[in-house]
$ cat work.tsv   # TSV, C-alpha atoms
chain	number	residue	atom	x	y	z
A	1	ASN	CA	11.84	48.26	10.99
A	2	ALA	CA	8.45	48.06	12.69
A	3	GLY	CA	7.14	51.32	11.20
A	4	VAL	CA	4.29	52.73	13.30
A	5	THR	CA	2.95	50.63	16.17
A	6	GLN	CA	0.01	51.27	18.48
A	7	THR	CA	-0.70	49.91	21.94
A	8	PRO	CA	-3.19	48.50	22.85
A	9	LYS	CA	-5.07	47.06	19.85
A	10	PHE	CA	-8.39	46.83	21.71
A	11	ARG	CA	-9.73	48.31	24.92
A	12	VAL	CA	-13.07	48.52	26.69
A	13	LEU	CA	-13.56	51.28	29.26
A	14	LYS	CA	-16.37	52.35	31.53
A	15	THR	CA	-17.59	55.93	31.43
A	16	GLY	CA	-15.31	58.13	33.52
A	17	GLN	CA	-12.27	55.88	33.38
A	18	SER	CA	-8.98	57.14	32.02
A	19	MET	CA	-6.46	55.57	29.68
A	20	THR	CA	-3.47	56.32	27.48
A	21	LEU	CA	-2.90	55.12	23.95
A	22	LEU	CA	0.70	54.79	22.87
A	23	CYS	CA	2.00	55.37	19.36
A	24	ALA	CA	5.61	54.57	18.54
A	25	GLN	CA	7.55	55.02	15.29
A	26	ASP	CA	11.07	53.95	14.44
A	27	MET	CA	11.52	56.01	11.27
A	28	ASN	CA	12.83	59.17	12.97
A	29	HIS	CA	9.83	61.14	11.70
A	30	GLU	CA	9.26	64.65	12.98
A	31	TYR	CA	5.49	64.79	12.48
A	32	MET	CA	3.03	62.58	14.33
A	33	TYR	CA	-0.76	62.59	14.29
A	34	TRP	CA	-3.71	61.09	16.15
A	35	TYR	CA	-6.95	60.50	14.23
A	36	ARG	CA	-10.29	58.95	15.05
A	37	GLN	CA	-12.42	57.06	12.55
A	38	ASP	CA	-16.17	56.72	13.02
A	39	PRO	CA	-18.73	54.97	10.80
A	40	GLY	CA	-19.95	57.18	7.96
A	41	MET	CA	-17.34	59.83	8.66
A	42	GLY	CA	-13.86	60.40	7.36
A	43	LEU	CA	-10.80	60.28	9.55
A	44	ARG	CA	-10.68	63.32	11.82
A	45	LEU	CA	-7.53	64.82	13.26
A	46	ILE	CA	-7.49	65.00	17.07
A	47	HIS	CA	-4.03	66.37	17.84
A	48	TYR	CA	-0.70	66.44	16.09
A	49	SER	CA	2.96	67.16	16.79
A	50	VAL	CA	5.58	68.76	14.59
A	51	GLY	CA	8.50	67.61	16.72
A	52	GLU	CA	9.65	66.44	20.12
A	53	GLY	CA	8.14	68.54	22.89
A	54	THR	CA	5.47	70.13	20.66
A	55	THR	CA	1.76	69.44	20.32
A	56	ALA	CA	-1.12	71.18	18.60
A	57	LYS	CA	-4.89	70.81	18.36
A	58	GLY	CA	-6.58	69.33	15.34
A	59	GLU	CA	-10.20	69.30	14.30
A	60	VAL	CA	-11.68	67.41	17.31
A	61	PRO	CA	-9.37	67.88	20.33
A	62	ASP	CA	-11.95	68.14	23.14
A	63	GLY	CA	-11.73	65.38	25.74
A	64	TYR	CA	-8.21	64.36	24.71
A	65	ASN	CA	-4.71	65.32	25.74
A	66	VAL	CA	-1.39	64.41	24.12
A	67	SER	CA	2.30	64.43	24.89
A	68	ARG	CA	5.46	64.05	22.80
A	69	LEU	CA	8.24	63.75	25.36
A	70	LYS	CA	10.35	61.60	23.06
A	71	LYS	CA	10.56	61.97	19.29
A	72	GLN	CA	9.56	58.36	18.67
A	73	ASN	CA	6.48	58.33	20.91
A	74	PHE	CA	3.17	60.19	20.77
A	75	LEU	CA	0.71	59.51	23.60
A	76	LEU	CA	-3.03	60.15	23.47
A	77	GLY	CA	-4.81	60.42	26.81
A	78	LEU	CA	-8.45	60.26	27.75
A	79	GLU	CA	-8.88	61.68	31.26
A	80	SER	CA	-12.57	60.82	31.68
A	81	ALA	CA	-13.85	58.58	28.92
A	82	ALA	CA	-17.31	59.14	27.44
A	83	PRO	CA	-19.39	56.87	25.16
A	84	SER	CA	-18.93	59.47	22.38
A	85	GLN	CA	-15.25	58.55	22.38
A	86	THR	CA	-16.02	55.02	21.21
A	87	SER	CA	-14.09	54.88	17.95
A	88	VAL	CA	-11.11	53.45	16.13
A	89	TYR	CA	-8.00	55.53	16.75
A	90	PHE	CA	-5.19	55.74	14.24
A	91	CYS	CA	-1.75	57.16	14.72
A	92	ALA	CA	0.38	58.30	11.79
A	93	SER	CA	3.80	59.80	11.23
A	94	SER	CA	5.58	61.61	8.41
A	95	PRO	CA	9.04	63.04	7.82
A	96	ASP	CA	7.59	66.52	7.27
A	97	ARG	CA	4.25	68.14	6.47
A	98	HIS	CA	4.66	67.74	2.72
A	99	LEU	CA	5.32	64.04	2.63
A	100	THR	CA	3.38	60.80	2.87
A	101	GLN	CA	1.93	59.73	6.21
A	102	TYR	CA	2.52	56.22	7.55
A	103	PHE	CA	-0.33	54.80	9.58
A	104	GLY	CA	-0.39	52.47	12.56
A	105	PRO	CA	-2.76	49.47	12.70
A	106	GLY	CA	-5.36	51.24	14.83
A	107	THR	CA	-6.80	50.87	18.33
A	108	ARG	CA	-10.45	49.94	18.74
A	109	LEU	CA	-11.82	51.64	21.86
A	110	THR	CA	-15.26	51.03	23.31
A	111	VAL	CA	-16.59	53.18	26.15
A	112	LEU	CA	-19.60	51.73	27.94
B	1	LYS	CA	-20.42	70.47	4.92
B	2	ASN	CA	-17.59	68.09	4.04
B	3	GLU	CA	-14.46	69.61	2.63
B	4	VAL	CA	-13.82	66.37	0.69
B	5	GLU	CA	-16.51	64.46	-1.19
B	6	GLN	CA	-16.00	61.08	-2.82
B	7	SER	CA	-18.10	59.18	-5.31
B	8	PRO	CA	-19.35	56.58	-5.51
B	9	GLN	CA	-19.71	55.50	-1.87
B	10	ASN	CA	-19.91	51.86	-2.86
B	11	LEU	CA	-18.74	50.12	-6.00
B	12	THR	CA	-18.96	46.51	-7.13
B	13	ALA	CA	-17.04	45.41	-10.20
B	14	GLN	CA	-16.26	42.21	-12.04
B	15	GLU	CA	-12.65	41.10	-12.12
B	16	GLY	CA	-10.86	42.75	-15.02
B	17	GLU	CA	-13.01	45.87	-15.17
B	18	PHE	CA	-11.61	49.40	-15.29
B	19	ILE	CA	-12.56	51.32	-12.13
B	20	THR	CA	-12.73	55.03	-11.44
B	21	ILE	CA	-13.19	56.67	-8.05
B	22	ASN	CA	-13.72	60.41	-7.86
B	23	CYS	CA	-12.78	63.00	-5.27
B	24	SER	CA	-13.81	66.66	-5.12
B	25	TYR	CA	-12.61	69.13	-2.54
B	26	SER	CA	-13.53	72.66	-1.55
B	27	VAL	CA	-10.40	74.03	0.16
B	28	GLY	CA	-7.09	75.26	-1.16
B	29	ILE	CA	-4.63	72.43	-0.91
B	30	SER	CA	-0.91	71.79	-0.92
B	31	ALA	CA	-1.30	68.08	-1.65
B	32	LEU	CA	-3.88	65.35	-2.17
B	33	HIS	CA	-3.47	61.79	-0.94
B	34	TRP	CA	-5.12	58.54	-1.93
B	35	LEU	CA	-5.19	55.92	0.82
B	36	GLN	CA	-6.25	52.28	0.84
B	37	GLN	CA	-7.87	50.74	3.91
B	38	HIS	CA	-7.93	46.95	3.94
B	39	PRO	CA	-10.79	44.94	5.45
B	40	GLY	CA	-8.59	44.31	8.51
B	41	GLY	CA	-8.43	48.07	9.07
B	42	GLY	CA	-4.85	48.90	8.12
B	43	ILE	CA	-4.32	52.10	6.11
B	44	VAL	CA	-1.70	52.40	3.40
B	45	SER	CA	-0.80	55.50	1.44
B	46	LEU	CA	-1.05	54.91	-2.32
B	47	PHE	CA	-0.29	58.31	-3.83
B	48	MET	CA	0.50	61.88	-2.93
B	49	LEU	CA	-0.24	64.39	-5.69
B	50	SER	CA	0.10	68.11	-6.06
B	51	SER	CA	-0.32	68.22	-9.85
B	52	GLY	CA	-0.69	66.07	-12.94
B	53	LYS	CA	-0.70	62.30	-12.82
B	54	LYS	CA	1.05	59.41	-11.06
B	55	LYS	CA	1.11	55.71	-11.91
B	56	HIS	CA	1.92	52.73	-9.72
B	57	GLY	CA	1.41	49.37	-11.38
B	58	ARG	CA	-2.31	49.12	-12.20
B	59	LEU	CA	-3.17	52.25	-10.23
B	60	ILE	CA	-3.28	55.72	-11.75
B	61	ALA	CA	-4.09	58.94	-9.91
B	62	THR	CA	-4.81	62.27	-11.56
B	63	ILE	CA	-5.51	65.72	-10.18
B	64	ASN	CA	-6.95	68.89	-11.69
B	65	ILE	CA	-6.09	71.75	-9.34
B	66	GLN	CA	-8.25	74.31	-11.17
B	67	GLU	CA	-11.34	72.09	-10.95
B	68	LYS	CA	-10.46	70.84	-7.42
B	69	HIS	CA	-10.93	67.26	-8.52
B	70	SER	CA	-8.94	64.04	-8.46
B	71	SER	CA	-9.58	60.55	-9.80
B	72	LEU	CA	-8.15	57.18	-8.87
B	73	HIS	CA	-8.23	54.58	-11.64
B	74	ILE	CA	-7.63	50.86	-11.31
B	75	THR	CA	-6.96	48.96	-14.51
B	76	ALA	CA	-7.63	45.22	-14.82
B	77	SER	CA	-9.20	45.08	-11.36
B	78	HIS	CA	-8.61	42.03	-9.17
B	79	PRO	CA	-10.38	40.70	-6.06
B	80	ARG	CA	-7.35	41.69	-3.97
B	81	ASP	CA	-8.13	45.33	-4.86
B	82	SER	CA	-11.24	45.05	-2.68
B	83	ALA	CA	-10.81	47.71	0.01
B	84	VAL	CA	-11.96	51.15	1.02
B	85	TYR	CA	-10.23	53.94	-0.90
B	86	ILE	CA	-9.92	57.25	0.90
B	87	CYS	CA	-9.15	60.65	-0.55
B	88	ALA	CA	-7.46	63.16	1.77
B	89	VAL	CA	-6.26	66.69	1.24
B	90	ARG	CA	-3.76	68.79	3.14
B	91	ALA	CA	-4.95	72.37	3.36
B	92	ASN	CA	-2.43	74.91	2.16
B	93	THR	CA	-2.61	76.78	5.48
B	94	GLY	CA	-1.73	75.21	8.80
B	95	ASN	CA	-1.38	71.47	9.23
B	96	GLN	CA	-4.97	70.45	8.71
B	97	PHE	CA	-5.89	67.29	6.84
B	98	TYR	CA	-9.42	66.63	5.56
B	99	PHE	CA	-10.56	63.13	4.68
B	100	GLY	CA	-13.34	61.82	2.50
B	101	THR	CA	-15.63	59.12	3.89
B	102	GLY	CA	-14.18	56.58	1.51
B	103	THR	CA	-15.32	54.45	-1.43
B	104	SER	CA	-15.89	50.79	-0.63
B	105	LEU	CA	-14.79	48.69	-3.60
B	106	THR	CA	-15.65	45.02	-4.03
B	107	VAL	CA	-14.18	43.16	-7.00
B	108	ILE	CA	-15.96	39.89	-7.76
B	109	PRO	CA	-14.03	37.01	-9.37
$ encode --input "work.tsv" --output "structure tokens"
Amino acid sequence: NAGVTQTPKFRVLKTGQSMTLLCAQDMNHEYMYWYRQDPGMGLRLIHYSVGEGTTAKGEVPDGYNVSRLKKQNFLLGLESAAPSQTSVYFCASSPDRHLTQYFGPGTRLTVL
Amino acid sequence: KNEVEQSPQNLTAQEGEFITINCSYSVGISALHWLQQHPGGGIVSLFMLSSGKKKHGRLIATINIQEKHSSLHITASHPRDSAVYICAVRANTGNQFYFGTGTSLTVIP
């Protein structure tokens, strides 16, 4: 049981480049989340999904897109990266909205 | 304005000391979570509370819904408790989570 995994662990992009972060969970959880963590700020919700084929905006969705084509995977896309998107990105999953979230190890993204 | 405020921001303790970290929130909630973030960055959920008190080994979490306040206590602290402790609340409408900025704890041998 791997839990929640994230790919890649580190990435450096140039402004304007695009990339996709992959989150995978093997716990059959319905809910999945993407957060960003910046120095001096708490985790902030970017987008979330309440089940396969569904996505919804969180607190800071601008500049990001997501897809949940398969229940176990939640993809976060940056179409045109900006330096303001330099951050550590965490994925999490939970069985339903009332229960504990399980976090991935994080992806450190730098946009130059 | 932050929906979740934690205090203190930083805390240094001697091994064996009793530690308290506080969390206040301003929104109506369905649940409050305490998370632990290790120096390597990984985040682990410690507790989820909607009322009362929970205990896990040397860790105790309490919540007072009327006062919108929660505390995390660590008894007989140990250097391996050194981490950032994060308070998070799930709002009782929608699926929004709000996170505190964390309390950085260092326990000195």
$ closest_residue --input "work.tsv" --among "B:Leu49, B:Ile43, B:Ile60, B:Ala13" --to "Ser82 of chain B" --atoms "all atoms listed in the file"
B:Ala13
$ residues_around --input "work.tsv" --residues "segment 74-77 of chain A" --least-positions-apart "3" --cutoff "6 Å" --atoms "all atoms listed in the file" --output "CSV table (one decimal) with C-alpha atoms, in the frame of the given file"
chain,number,residue,atom,x,y,z
A,19,MET,CA,-6.5,55.6,29.7
A,20,THR,CA,-3.5,56.3,27.5
A,21,LEU,CA,-2.9,55.1,24.0
A,22,LEU,CA,0.7,54.8,22.9
A,23,CYS,CA,2.0,55.4,19.4
A,64,TYR,CA,-8.2,64.4,24.7
A,65,ASN,CA,-4.7,65.3,25.7
A,66,VAL,CA,-1.4,64.4,24.1
A,67,SER,CA,2.3,64.4,24.9
A,68,ARG,CA,5.5,64.0,22.8
$ closest_residue --input "work.tsv" --among "A:Pro39, A:Pro8, A:Tyr89, A:Ser80" --to "Gly42 of chain B" --atoms "all atoms listed in the file"
A:Tyr89
$ residues_around --input "work.tsv" --residues "segment 83-92 of chain B" --least-positions-apart "5" --cutoff "7 Å" --atoms "all atoms listed in the file" --output "list of chain:residue names"
B:Cys23, B:Val27, B:Gly28, B:Ile29, B:Ser30, B:Ala31, B:Leu32, B:His33, B:Trp34, B:Leu35, B:Gln36, B:Gln37, B:His38, B:Pro39, B:Phe97, B:Tyr98, B:Phe99, B:Gly100, B:Thr101, B:Gly102, B:Thr103, B:Ser104, B:Leu105, B:Thr106
$ closest_atom_pairs --input "work.tsv" --of "chain A" --to "chain B" --cutoff "9 Å" --atoms "only C-alpha atoms" --output "Markdown table"
| residue | atom | partner | partner_atom | distance |
| --- | --- | --- | --- | --- |
| A:Pro39 | CA | B:Thr101 | CA | 8.6 |
| A:Gly40 | CA | B:Thr101 | CA | 6.2 |
| A:Met41 | CA | B:Thr101 | CA | 5.1 |
| A:Gly42 | CA | B:Thr101 | CA | 4.1 |
| A:Leu43 | CA | B:Phe99 | CA | 5.6 |
| A:Arg44 | CA | B:Phe99 | CA | 7.1 |
| A:Leu45 | CA | B:Phe97 | CA | 7.1 |
| A:Tyr48 | CA | B:Asn95 | CA | 8.5 |
| A:Gly58 | CA | B:Gln96 | CA | 6.9 |
| A:Glu59 | CA | B:Gln96 | CA | 7.7 |
| A:Phe90 | CA | B:Ile43 | CA | 9.0 |
| A:Arg97 | CA | B:Asn95 | CA | 7.1 |
| A:His98 | CA | B:Ala31 | CA | 7.4 |
| A:Leu99 | CA | B:Met48 | CA | 7.7 |
| A:Thr100 | CA | B:Met48 | CA | 6.6 |
| A:Gln101 | CA | B:Ser45 | CA | 6.9 |
| A:Tyr102 | CA | B:Ser45 | CA | 7.0 |
| A:Phe103 | CA | B:Ile43 | CA | 5.9 |
| A:Gly104 | CA | B:Gly42 | CA | 7.2 |
| A:Pro105 | CA | B:Gly42 | CA | 5.1 |
| A:Gly106 | CA | B:Gly42 | CA | 7.1 |
$ write_last_selection --input "work.tsv" --atoms "C-alpha atoms" --output "CSV table (one decimal), in the coordinates of the input"
chain,number,residue,atom,x,y,z
A,39,PRO,CA,-18.7,55.0,10.8
A,40,GLY,CA,-20.0,57.2,8.0
A,41,MET,CA,-17.3,59.8,8.7
A,42,GLY,CA,-13.9,60.4,7.4
A,43,LEU,CA,-10.8,60.3,9.6
A,44,ARG,CA,-10.7,63.3,11.8
A,45,LEU,CA,-7.5,64.8,13.3
A,48,TYR,CA,-0.7,66.4,16.1
A,58,GLY,CA,-6.6,69.3,15.3
A,59,GLU,CA,-10.2,69.3,14.3
A,90,PHE,CA,-5.2,55.7,14.2
A,97,ARG,CA,4.2,68.1,6.5
A,98,HIS,CA,4.7,67.7,2.7
A,99,LEU,CA,5.3,64.0,2.6
A,100,THR,CA,3.4,60.8,2.9
A,101,GLN,CA,1.9,59.7,6.2
A,102,TYR,CA,2.5,56.2,7.6
A,103,PHE,CA,-0.3,54.8,9.6
A,104,GLY,CA,-0.4,52.5,12.6
A,105,PRO,CA,-2.8,49.5,12.7
A,106,GLY,CA,-5.4,51.2,14.8
$ atom_distance --input "work.tsv" --atom1 "atom CA of Lys57 of chain A" --atom2 "atom CA of Tyr35 of chain A"
11.3 Å
$ closest_residue --input "work.tsv" --among "A:Lys70, A:Pro61, A:Ser18, A:Gly3" --to "Trp34 of chain A" --atoms "only C-alpha atoms"
A:Pro61
$ atom_distance --input "work.tsv" --atom1 "atom CA of Ser84 of chain A" --atom2 "atom CA of Gly51 of chain A"
29.2 Å
$ build_atoms --input "work.tsv" --residues "segment 55-66 of chain A" --atoms "all heavy atoms" --output "tab-separated table (two decimals), keeping the file's coordinate frame"
chain	number	residue	atom	x	y	z
A	55	THR	N	3.06	70.01	20.66
A	55	THR	CA	1.76	69.44	20.32
A	55	THR	C	0.85	70.56	19.85
A	55	THR	O	1.07	71.74	20.19
A	55	THR	CB	1.10	68.71	21.51
A	55	THR	OG1	0.85	69.66	22.55
A	55	THR	CG2	1.97	67.59	22.02
A	56	ALA	N	-0.17	70.20	19.08
A	56	ALA	CA	-1.12	71.18	18.60
A	56	ALA	C	-2.48	70.52	18.41
A	56	ALA	O	-2.56	69.31	18.21
A	56	ALA	CB	-0.65	71.80	17.28
A	57	LYS	N	-3.54	71.34	18.49
A	57	LYS	CA	-4.89	70.81	18.36
A	57	LYS	C	-5.26	70.62	16.90
A	57	LYS	O	-4.89	71.42	16.04
A	57	LYS	CB	-5.89	71.78	19.00
A	57	LYS	CG	-5.75	71.89	20.50
A	57	LYS	CD	-6.77	72.85	21.09
A	57	LYS	CE	-6.59	72.97	22.59
A	57	LYS	NZ	-7.57	73.91	23.19
A	58	GLY	N	-6.03	69.56	16.66
A	58	GLY	CA	-6.58	69.33	15.34
A	58	GLY	C	-8.03	69.75	15.29
A	58	GLY	O	-8.44	70.70	15.94
A	59	GLU	N	-8.80	68.97	14.55
A	59	GLU	CA	-10.20	69.30	14.30
A	59	GLU	C	-11.10	68.98	15.49
A	59	GLU	O	-12.06	69.69	15.78
A	59	GLU	CB	-10.67	68.51	13.08
A	59	GLU	CG	-12.08	68.79	12.60
A	59	GLU	CD	-12.47	67.88	11.43
A	59	GLU	OE1	-11.62	67.10	10.95
A	59	GLU	OE2	-13.64	67.95	11.01
A	60	VAL	N	-10.81	67.89	16.22
A	60	VAL	CA	-11.68	67.41	17.31
A	60	VAL	C	-10.86	67.12	18.57
A	60	VAL	O	-10.79	66.00	19.04
A	60	VAL	CB	-12.49	66.17	16.87
A	60	VAL	CG1	-13.57	66.52	15.87
A	60	VAL	CG2	-11.56	65.09	16.31
A	61	PRO	N	-10.29	68.13	19.21
A	61	PRO	CA	-9.37	67.88	20.33
A	61	PRO	C	-10.04	67.71	21.70
A	61	PRO	O	-9.40	67.22	22.63
A	61	PRO	CB	-8.52	69.16	20.33
A	61	PRO	CG	-9.47	70.22	19.85
A	61	PRO	CD	-10.34	69.54	18.82
A	62	ASP	N	-11.33	68.09	21.81
A	62	ASP	CA	-11.95	68.14	23.14
A	62	ASP	C	-12.05	66.74	23.74
A	62	ASP	O	-12.51	65.80	23.11
A	62	ASP	CB	-13.34	68.79	23.05
A	62	ASP	CG	-13.25	70.25	22.67
A	62	ASP	OD1	-12.15	70.83	22.81
A	62	ASP	OD2	-14.26	70.82	22.23
A	63	GLY	N	-11.65	66.64	25.02
A	63	GLY	CA	-11.73	65.38	25.74
A	63	GLY	C	-10.46	64.56	25.64
A	63	GLY	O	-10.38	63.48	26.22
A	64	TYR	N	-9.47	65.06	24.90
A	64	TYR	CA	-8.21	64.36	24.71
A	64	TYR	C	-7.04	65.24	25.09
A	64	TYR	O	-7.09	66.45	24.91
A	64	TYR	CB	-8.03	63.94	23.25
A	64	TYR	CG	-9.14	63.12	22.66
A	64	TYR	CD1	-10.18	63.74	21.95
A	64	TYR	CD2	-9.18	61.74	22.80
A	64	TYR	CE1	-11.20	63.00	21.40
A	64	TYR	CE2	-10.20	60.99	22.25
A	64	TYR	CZ	-11.21	61.63	21.56
A	64	TYR	OH	-12.22	60.89	21.00
A	65	ASN	N	-5.96	64.61	25.57
A	65	ASN	CA	-4.71	65.32	25.74
A	65	ASN	C	-3.60	64.46	25.13
A	65	ASN	O	-3.74	63.25	24.98
A	65	ASN	CB	-4.43	65.63	27.21
A	65	ASN	CG	-4.42	64.38	28.07
A	65	ASN	OD1	-3.48	63.59	28.03
A	65	ASN	ND2	-5.47	64.18	28.83
A	66	VAL	N	-2.50	65.11	24.77
A	66	VAL	CA	-1.39	64.41	24.12
A	66	VAL	C	-0.07	64.88	24.70
A	66	VAL	O	0.02	65.95	25.30
A	66	VAL	CB	-1.37	64.65	22.58
A	66	VAL	CG1	-2.48	63.89	21.88
A	66	VAL	CG2	-1.40	66.12	22.26
